file final-v7.txt (compact mmCIF, C-alpha atoms and all ligand atoms)
# COMPACT_ATOMS: atom_id res chain seq x y z
CA MET G 88 26.61 86.10 101.25
CA LEU G 89 30.19 84.83 101.35
CA GLU G 90 32.41 86.18 98.60
CA VAL G 91 35.98 85.20 97.86
CA GLU G 92 38.11 86.82 95.16
CA HIS G 93 41.66 86.39 93.93
CA LEU G 94 42.52 84.19 96.90
CA ALA G 95 46.06 82.80 97.14
CA CYS G 96 47.36 80.38 99.78
CA LEU G 97 51.01 80.05 100.73
CA LYS G 98 52.31 77.14 102.82
CA GLY G 99 55.97 77.40 103.75
CA ASP G 100 57.51 78.52 100.47
CA ARG G 101 54.91 76.76 98.35
CA LEU G 102 51.99 78.55 96.72
CA LEU G 103 49.15 75.99 96.89
CA PHE G 104 46.57 77.88 94.84
CA ARG G 105 45.93 81.35 93.50
CA ASP G 106 43.15 83.44 91.97
CA LEU G 107 40.53 81.26 93.64
CA ALA G 108 37.04 82.75 93.61
CA LEU G 109 33.75 81.60 95.07
CA ARG G 110 30.33 82.89 96.07
CA LEU G 111 28.00 81.24 98.50
CA GLN G 112 24.48 82.54 98.88
CA ALA G 113 21.72 81.78 101.36
CA GLY G 114 20.36 78.29 100.74
CA GLU G 115 23.47 76.97 98.98
CA LEU G 116 25.59 73.95 99.78
CA LEU G 117 29.09 73.93 98.31
CA ARG G 118 31.35 70.91 98.19
CA VAL G 119 35.06 71.75 98.07
CA ALA G 120 36.74 69.01 96.05
CA GLY G 121 40.24 68.03 94.99
CA ALA G 122 43.06 65.55 95.51
CA ASN G 123 44.84 64.99 98.83
CA GLY G 124 47.06 67.93 99.65
CA VAL G 125 45.60 70.28 97.03
CA GLY G 126 44.53 72.74 99.72
CA LYS G 127 40.89 72.06 100.68
CA THR G 128 41.46 72.29 104.44
CA SER G 129 43.71 75.29 103.87
CA LEU G 130 40.90 76.99 101.94
CA LEU G 131 38.40 76.34 104.73
CA ARG G 132 40.80 77.79 107.30
CA LEU G 133 41.24 80.92 105.18
CA VAL G 134 37.51 81.34 104.69
CA THR G 135 36.87 81.03 108.42
CA GLY G 136 39.56 83.57 109.24
CA LEU G 137 41.70 81.04 111.11
CA ALA G 138 44.55 81.56 108.65
CA LEU G 139 45.65 84.55 106.61
CA PRO G 140 45.74 84.49 102.82
CA GLU G 141 48.79 85.42 100.80
CA ALA G 142 46.48 87.52 98.65
CA GLY G 143 42.81 88.07 98.01
CA ASP G 144 39.59 89.22 99.62
CA ILE G 145 37.10 87.34 101.76
CA ARG G 146 33.82 89.13 102.48
CA TRP G 147 30.81 88.20 104.56
CA SER G 148 27.71 90.33 103.96
CA ALA G 149 29.90 92.58 101.81
CA ARG G 150 32.37 93.26 104.67
CA CYS G 151 35.95 92.07 104.94
CA ILE G 152 36.03 89.22 107.50
CA ARG G 153 39.25 90.53 109.03
CA ARG G 154 37.65 93.89 109.83
CA GLU G 155 34.37 92.41 111.08
CA ARG G 156 35.84 89.33 112.73
CA GLU G 157 33.56 89.15 115.76
CA ALA G 158 30.36 89.72 113.83
CA PHE G 159 31.44 87.13 111.26
CA HIS G 160 32.31 84.54 113.88
CA ARG G 161 28.92 84.95 115.54
CA GLU G 162 27.37 83.72 112.30
CA LEU G 163 29.91 80.96 111.64
CA LEU G 164 30.17 77.35 112.76
CA TYR G 165 33.45 75.66 111.85
CA LEU G 166 34.08 71.99 112.55
CA GLY G 167 37.60 70.87 111.65
CA HIS G 168 38.56 67.46 110.31
CA ALA G 169 39.72 66.14 113.68
CA PRO G 170 37.04 66.24 116.38
CA ALA G 171 38.23 68.70 119.04
CA ILE G 172 37.49 66.53 122.05
CA ASN G 173 38.92 66.27 125.54
CA ASP G 174 39.27 62.56 126.29
CA LEU G 175 38.77 63.04 130.00
CA LEU G 176 35.38 64.70 129.58
CA SER G 177 32.08 63.07 128.66
CA PRO G 178 30.28 63.88 125.39
CA LEU G 179 27.93 66.11 127.38
CA GLU G 180 30.78 67.98 129.06
CA ASN G 181 32.63 68.30 125.75
CA LEU G 182 29.59 69.69 124.00
CA ARG G 183 28.81 72.16 126.78
CA PHE G 184 32.42 73.31 126.80
CA ALA G 185 32.53 73.74 123.00
CA CYS G 186 29.29 75.74 123.02
CA ALA G 187 30.42 77.95 125.91
CA ALA G 188 33.80 78.56 124.26
CA ALA G 189 31.97 79.69 121.12
CA GLY G 190 29.85 82.07 123.18
CA ASP G 191 26.63 80.06 123.00
CA GLU G 192 24.78 79.91 126.30
CA LEU G 193 22.88 76.66 126.18
CA SER G 194 21.15 74.64 128.84
CA ALA G 195 22.28 71.14 129.75
CA ALA G 196 18.88 69.91 128.56
CA ALA G 197 19.43 71.38 125.09
CA CYS G 198 22.86 69.72 124.88
CA VAL G 199 21.44 66.37 126.00
CA GLN G 200 18.76 66.66 123.33
CA ALA G 201 21.36 67.37 120.64
CA LEU G 202 23.47 64.39 121.72
CA GLU G 203 20.42 62.14 121.72
CA ARG G 204 19.49 63.37 118.28
CA ILE G 205 22.96 62.54 116.95
CA GLY G 206 22.71 59.03 118.39
CA LEU G 207 24.71 59.27 121.62
CA ALA G 208 21.89 58.73 124.13
CA ASP G 209 23.72 55.76 125.64
CA GLN G 210 27.13 57.49 125.80
CA LEU G 211 26.20 60.82 127.42
CA ASP G 212 28.32 60.30 130.53
CA LEU G 213 31.12 58.04 129.33
CA PRO G 214 34.63 59.48 129.16
CA ALA G 215 35.28 60.43 125.53
CA ARG G 216 38.43 58.28 125.41
CA VAL G 217 36.31 55.11 125.27
CA LEU G 218 34.18 56.28 122.34
CA SER G 219 34.49 54.80 118.85
CA GLN G 220 35.74 57.03 116.00
CA GLY G 221 32.22 57.50 114.68
CA GLN G 222 30.95 58.39 118.14
CA ARG G 223 33.76 60.92 118.59
CA ARG G 224 32.80 62.51 115.29
CA ARG G 225 29.19 62.67 116.44
CA VAL G 226 30.11 64.60 119.59
CA GLY G 227 31.37 67.44 117.41
CA LEU G 228 28.49 67.18 114.97
CA ALA G 229 25.96 67.53 117.80
CA ARG G 230 26.75 71.25 117.65
CA LEU G 231 24.91 71.42 114.35
CA PHE G 232 21.66 70.89 116.19
CA LEU G 233 22.44 73.85 118.44
CA SER G 234 23.67 76.19 115.72
CA ALA G 235 20.66 76.98 113.54
CA ARG G 236 21.20 80.72 114.18
CA ARG G 237 24.72 80.49 112.75
CA LYS G 238 24.15 81.02 109.06
CA LEU G 239 27.41 79.67 107.65
CA TRP G 240 28.51 76.12 108.46
CA VAL G 241 32.03 75.22 107.33
CA LEU G 242 32.67 71.52 107.80
CA ASP G 243 35.89 69.65 107.08
CA GLU G 244 35.23 65.97 106.29
CA PRO G 245 32.07 65.77 108.43
CA PHE G 246 31.11 62.34 107.07
CA THR G 247 34.36 60.60 108.06
CA ALA G 248 33.85 57.51 110.25
CA LEU G 249 30.06 57.78 110.20
CA ASP G 250 27.90 54.74 109.42
CA VAL G 251 25.44 54.69 106.52
CA LYS G 252 22.46 55.92 108.53
CA ALA G 253 24.45 58.69 110.22
CA VAL G 254 25.72 59.86 106.81
CA ALA G 255 22.13 60.02 105.53
CA ASP G 256 20.94 61.84 108.68
CA LEU G 257 23.77 64.37 108.43
CA ALA G 258 23.09 65.02 104.74
CA GLN G 259 19.45 65.63 105.69
CA ALA G 260 20.41 68.03 108.50
CA LEU G 261 22.66 70.01 106.13
CA THR G 262 19.93 70.13 103.50
CA GLU G 263 17.46 71.41 106.10
CA HIS G 264 19.90 74.12 107.22
CA CYS G 265 20.15 75.34 103.63
CA ALA G 266 16.39 75.12 103.14
CA ALA G 267 16.03 77.42 106.17
CA GLY G 268 18.28 80.02 104.53
CA GLY G 269 21.65 78.81 105.84
CA MET G 270 24.79 78.00 103.87
CA VAL G 271 27.10 75.01 104.03
CA MET G 272 30.63 74.67 102.71
CA LEU G 273 32.18 71.24 103.20
CA THR G 274 34.89 68.88 102.10
CA THR G 275 34.32 65.17 101.68
CA HIS G 276 35.99 62.38 99.76
CA GLN G 277 32.86 60.24 99.85
CA ASP G 278 29.58 60.46 97.99
CA ALA G 279 26.98 61.75 100.41
CA PRO G 280 23.30 61.13 99.75
CA PHE G 281 22.14 64.68 99.13
CA ALA G 282 18.69 64.95 97.57
CA VAL G 283 20.08 67.65 95.28
CA PRO G 284 23.76 67.21 94.34
CA PRO G 285 25.80 70.09 95.79
CA ARG G 286 27.66 72.62 93.70
CA VAL G 287 31.32 71.65 93.49
CA LEU G 288 34.40 73.86 93.74
CA ASP G 289 37.49 72.07 92.45
CA VAL G 290 40.49 73.55 94.26
CA GLY G 291 42.71 71.74 91.74
CA ALA G 292 41.53 74.17 89.08
CA TYR G 293 43.40 76.94 90.95
CA ALA G 294 46.49 74.91 91.89
CA CYS G 295 49.90 76.40 91.19
N1 LIG T 301 55.63 74.27 105.33
C1 LIG T 301 55.14 73.76 104.21
N2 LIG T 301 55.86 73.79 103.07
C2 LIG T 301 55.38 73.28 101.91
N3 LIG T 301 54.16 72.69 101.78
C3 LIG T 301 53.41 72.64 102.91
C4 LIG T 301 53.85 73.17 104.16
N4 LIG T 301 52.85 72.97 105.07
C5 LIG T 301 51.85 72.35 104.41
N5 LIG T 301 52.19 72.13 103.12
C6 LIG T 301 51.36 71.50 102.08
O1 LIG T 301 50.12 72.21 102.07
C7 LIG T 301 49.10 71.31 101.71
C8 LIG T 301 48.01 71.42 102.76
O2 LIG T 301 46.99 70.67 102.34
P1 LIG T 301 45.53 70.65 102.92
O3 LIG T 301 45.53 69.99 104.24
O4 LIG T 301 44.92 71.97 102.80
O5 LIG T 301 44.99 69.68 101.78
P2 LIG T 301 43.65 68.93 101.58
O6 LIG T 301 43.25 69.20 100.16
O7 LIG T 301 42.69 69.29 102.65
O8 LIG T 301 44.12 67.42 101.71
P3 LIG T 301 43.38 66.08 102.20
O9 LIG T 301 42.42 65.69 101.10
O10 LIG T 301 44.53 65.12 102.30
O11 LIG T 301 42.73 66.38 103.52
C9 LIG T 301 49.71 69.92 101.61
O12 LIG T 301 49.97 69.61 100.25
C10 LIG T 301 51.00 70.06 102.39
O13 LIG T 301 51.99 69.18 101.92

call {"tool": "encode", "arguments": {"input": "final-v7.txt", "output": "structure tokens", "more": "lines below"}}
Ligand SMILES: Nc1ncnc2c1ncn2[C@@H]1O[C@H](COP(=O)(O)OP(=O)(O)OP(=O)(O)O)[C@@H](O)[C@H]1O
result
Amino acid sequence: MLEVEHLACLKGDRLLFRDLALRLQAGELLRVAGANGVGKTSLLRLVTGLALPEAGDIRWSARCIRREREAFHRELLYLGHAPAINDLLSPLENLRFACAAAGDELSAAACVQALERIGLADQLDLPARVLSQGQRRRVGLARLFLSARRKLWVLDEPFTALDVKAVADLAQALTEHCAAGGMVMLTTHQDAPFAVPPRVLDVGAYAC
């Protein structure tokens, strides 16, 4: 379980939010909502341990994520709002690099399968710089199909630039991850076709 209590986020000299609390249990999908600039991305970065809070506690399996950083990160998949892609590399090379950097030893065949599943069968070997925005997004999202063992998926605007079918497929993949005992925490400004509407956390309710 992910537990957050009394969380405060400072940017420069501005307190974005304070006293934010959330709980995410196995099987749950949480949508982090709020206006532009309210602090959704900032919250995701705090929860993943990529940024430090001004105040508050973040626990994974009842342990502080700062003290158990490595164990926490083994169970976490974080995809930021901008696809982290090297333009000179192909989708396959990018995916293999991202997996290796995260400590996942995966075969080329498994990566090819994930890219095919996300709809990039015809772009496997193209340099990433020629890909469309939606295809670039898909390169990053292919990691979802290789990350079932990572319980917590934290996704910043995963639906951006995807076409209607890809949005539906992604919503299905996230639902399946939760059904298998995983957890998803995401931001999105668009309505995604989830079979069951996700629980919503409004960051604006904690704004300063
Ligand atoms: N040095 C700084 N001083 C003051 N405010 C800052 C500083 N750096 C960032 N900010 C503010 O912190 C906020 C960061 O917002 P964040 O990216 O978390 O918002 P968001 O809710 O994800 O927005 P969006 O919906 O646009 O993606 C913004 O309002 C930004 O203006």

call {"tool": "residues_around", "arguments": {"input": "final-v7.txt", "residues": "segment 254-258 of chain G", "least_positions_apart": "3", "cutoff": "10 Å", "atoms": "only C-alpha atoms", "output": "list in words"}}
result
Arg204, Ile205, Arg225, Leu228, Leu231, Pro245, Phe246, Thr247, Ala248, Leu249, Asp250, Val251, Leu261, Thr262, Glu263, His264, Gln277, Asp278, Ala279, Pro280, Phe281 and Ala282 of chain G

call {"tool": "write_last_selection", "arguments": {"input": "final-v7.txt", "atoms": "C-alpha atoms", "output": "tab-separated table (two decimals), in the coordinates of the input"}}
result
chain	number	residue	atom	x	y	z
G	204	ARG	CA	19.49	63.37	118.28
G	205	ILE	CA	22.96	62.54	116.95
G	225	ARG	CA	29.19	62.67	116.44
G	228	LEU	CA	28.49	67.18	114.97
G	231	LEU	CA	24.91	71.42	114.35
G	245	PRO	CA	32.07	65.77	108.43
G	246	PHE	CA	31.11	62.34	107.07
G	247	THR	CA	34.36	60.60	108.06
G	248	ALA	CA	33.85	57.51	110.25
G	249	LEU	CA	30.06	57.78	110.20
G	250	ASP	CA	27.90	54.74	109.42
G	251	VAL	CA	25.44	54.69	106.52
G	261	LEU	CA	22.66	70.01	106.13
G	262	THR	CA	19.93	70.13	103.50
G	263	GLU	CA	17.46	71.41	106.10
G	264	HIS	CA	19.90	74.12	107.22
G	277	GLN	CA	32.86	60.24	99.85
G	278	ASP	CA	29.58	60.46	97.99
G	279	ALA	CA	26.98	61.75	100.41
G	280	PRO	CA	23.30	61.13	99.75
G	281	PHE	CA	22.14	64.68	99.13
G	282	ALA	CA	18.69	64.95	97.57

call {"tool": "residues_around", "arguments": {"input": "final-v7.txt", "residues": "segment 145-160 of chain G", "least_positions_apart": "6", "cutoff": "6 Å", "atoms": "only C-alpha atoms", "output": "PyMOL selection string"}}
result
chain G and resi 88-91

call {"tool": "closest_atom_pairs", "arguments": {"input": "final-v7.txt", "of": "chain G", "to": "ligand LIG 301 (chain T)", "cutoff": "12 Å", "atoms": "all atoms listed in the file", "output": "tab-separated table"}}
result
residue	atom	partner	partner_atom	distance
G:Cys96	CA	T:LIG301	O1	8.9
G:Leu97	CA	T:LIG301	O1	8.0
G:Lys98	CA	T:LIG301	C4	4.5
G:Gly99	CA	T:LIG301	N1	3.5
G:Asp100	CA	T:LIG301	N2	5.6
G:Arg101	CA	T:LIG301	C2	5.0
G:Leu102	CA	T:LIG301	N3	8.0
G:Leu103	CA	T:LIG301	O1	6.5
G:Phe104	CA	T:LIG301	C7	9.8
G:Val119	CA	T:LIG301	O6	8.8
G:Ala120	CA	T:LIG301	O6	7.7
G:Gly121	CA	T:LIG301	O6	6.1
G:Ala122	CA	T:LIG301	O9	5.6
G:Asn123	CA	T:LIG301	O9	3.4
G:Gly124	CA	T:LIG301	O12	3.4
G:Val125	CA	T:LIG301	O6	4.1
G:Gly126	CA	T:LIG301	O4	3.2
G:Lys127	CA	T:LIG301	O6	3.7
G:Thr128	CA	T:LIG301	O7	3.7
G:Ser129	CA	T:LIG301	O4	3.7
G:Leu130	CA	T:LIG301	O4	6.5
G:Leu131	CA	T:LIG301	O4	8.1
G:Arg132	CA	T:LIG301	O4	8.4
G:Leu133	CA	T:LIG301	O4	10.0
G:Ala138	CA	T:LIG301	O4	11.2
G:Gly167	CA	T:LIG301	O7	10.5
G:His168	CA	T:LIG301	O11	8.0
G:Ala169	CA	T:LIG301	O11	10.6
G:Leu242	CA	T:LIG301	O7	11.5
G:Asp243	CA	T:LIG301	O7	8.1
G:Glu244	CA	T:LIG301	O11	8.0
G:Pro245	CA	T:LIG301	O11	11.8
G:Thr247	CA	T:LIG301	O11	11.1
G:Leu273	CA	T:LIG301	O7	10.7
G:Thr274	CA	T:LIG301	O7	7.8
G:Thr275	CA	T:LIG301	O9	8.1
G:His276	CA	T:LIG301	O9	7.4
G:Gln277	CA	T:LIG301	O9	11.1
G:Leu288	CA	T:LIG301	O6	11.9
G:Asp289	CA	T:LIG301	O6	10.0
G:Val290	CA	T:LIG301	O6	7.8
G:Gly291	CA	T:LIG301	O6	8.8
G:Ala294	CA	T:LIG301	O12	10.5
G:Cys295	CA	T:LIG301	O12	11.3

call {"tool": "residues_around", "arguments": {"input": "final-v7.txt", "residues": "segment 173-177 of chain G", "least_positions_apart": "2", "cutoff": "10 Å", "atoms": "all atoms listed in the file", "output": "ChimeraX atom specification"}}
result
/G:170-171,179-184,210-218,223,226

call {"tool": "atom_distance", "arguments": {"input": "final-v7.txt", "atom1": "atom CA of Ala196 of chain G", "atom2": "atom CA of Leu163 of chain G"}}
result
23.0 Å

call {"tool": "atom_distance", "arguments": {"input": "final-v7.txt", "atom1": "atom CA of Met270 of chain G", "atom2": "atom CA of Leu117 of chain G"}}
result
8.1 Å

call {"tool": "atom_distance", "arguments": {"input": "final-v7.txt", "atom1": "atom CA of Pro140 of chain G", "atom2": "atom CA of Arg105 of chain G"}}
result
9.8 Å

call {"tool": "residues_around", "arguments": {"input": "final-v7.txt", "residues": "Arg230 of chain G", "least_positions_apart": "6", "cutoff": "10 Å", "atoms": "all atoms listed in the file", "output": "MDAnalysis selection string"}}
result
chainID G and resid 164:166 182:183 185:186 198 201:202 205

call {"tool": "closest_residue", "arguments": {"input": "final-v7.txt", "among": "G:Leu233, G:Val241, G:Val199, G:Ala253", "to": "Thr135 of chain G", "atoms": "only C-alpha atoms"}}
result
G:Val241

call {"tool": "closest_residue", "arguments": {"input": "final-v7.txt", "among": "G:His93, G:Gln220, G:Phe232, G:Ala188", "to": "Gln200 of chain G", "atoms": "only C-alpha atoms"}}
result
G:Phe232

call {"tool": "build_atoms", "arguments": {"input": "final-v7.txt", "residues": "segment 231-244 of chain G", "atoms": "N, CA and C atoms", "output": "compact mmCIF listing (two decimals), in the coordinates of the input"}}
result
# COMPACT_ATOMS: atom_id res chain seq x y z
N LEU G 231 25.76 70.98 115.45
CA LEU G 231 24.91 71.42 114.35
C LEU G 231 23.48 71.65 114.82
N PHE G 232 23.04 70.79 115.73
CA PHE G 232 21.66 70.89 116.19
C PHE G 232 21.45 72.04 117.17
N LEU G 233 22.54 72.72 117.52
CA LEU G 233 22.44 73.85 118.44
C LEU G 233 22.86 75.15 117.75
N SER G 234 23.05 75.07 116.44
CA SER G 234 23.67 76.19 115.72
C SER G 234 22.83 76.69 114.56
N ALA G 235 21.52 76.54 114.65
CA ALA G 235 20.66 76.98 113.54
C ALA G 235 20.83 78.48 113.29
N ARG G 236 21.10 79.26 114.37
CA ARG G 236 21.20 80.72 114.18
C ARG G 236 22.52 81.11 113.49
N ARG G 237 23.47 80.20 113.47
CA ARG G 237 24.72 80.49 112.75
C ARG G 237 24.48 80.17 111.28
N LYS G 238 24.56 81.18 110.47
CA LYS G 238 24.15 81.02 109.06
C LYS G 238 25.11 80.15 108.26
N LEU G 239 26.41 80.34 108.50
CA LEU G 239 27.41 79.67 107.65
C LEU G 239 28.05 78.50 108.40
N TRP G 240 27.87 77.31 107.88
CA TRP G 240 28.51 76.12 108.46
C TRP G 240 29.65 75.71 107.53
N VAL G 241 30.85 75.64 108.08
CA VAL G 241 32.03 75.22 107.33
C VAL G 241 32.53 73.93 107.97
N LEU G 242 32.46 72.86 107.21
CA LEU G 242 32.67 71.52 107.80
C LEU G 242 33.74 70.77 107.02
N ASP G 243 34.79 70.36 107.72
CA ASP G 243 35.89 69.65 107.08
C ASP G 243 35.72 68.14 107.30
N GLU G 244 35.42 67.44 106.26
CA GLU G 244 35.23 65.97 106.29
C GLU G 244 34.22 65.54 107.36
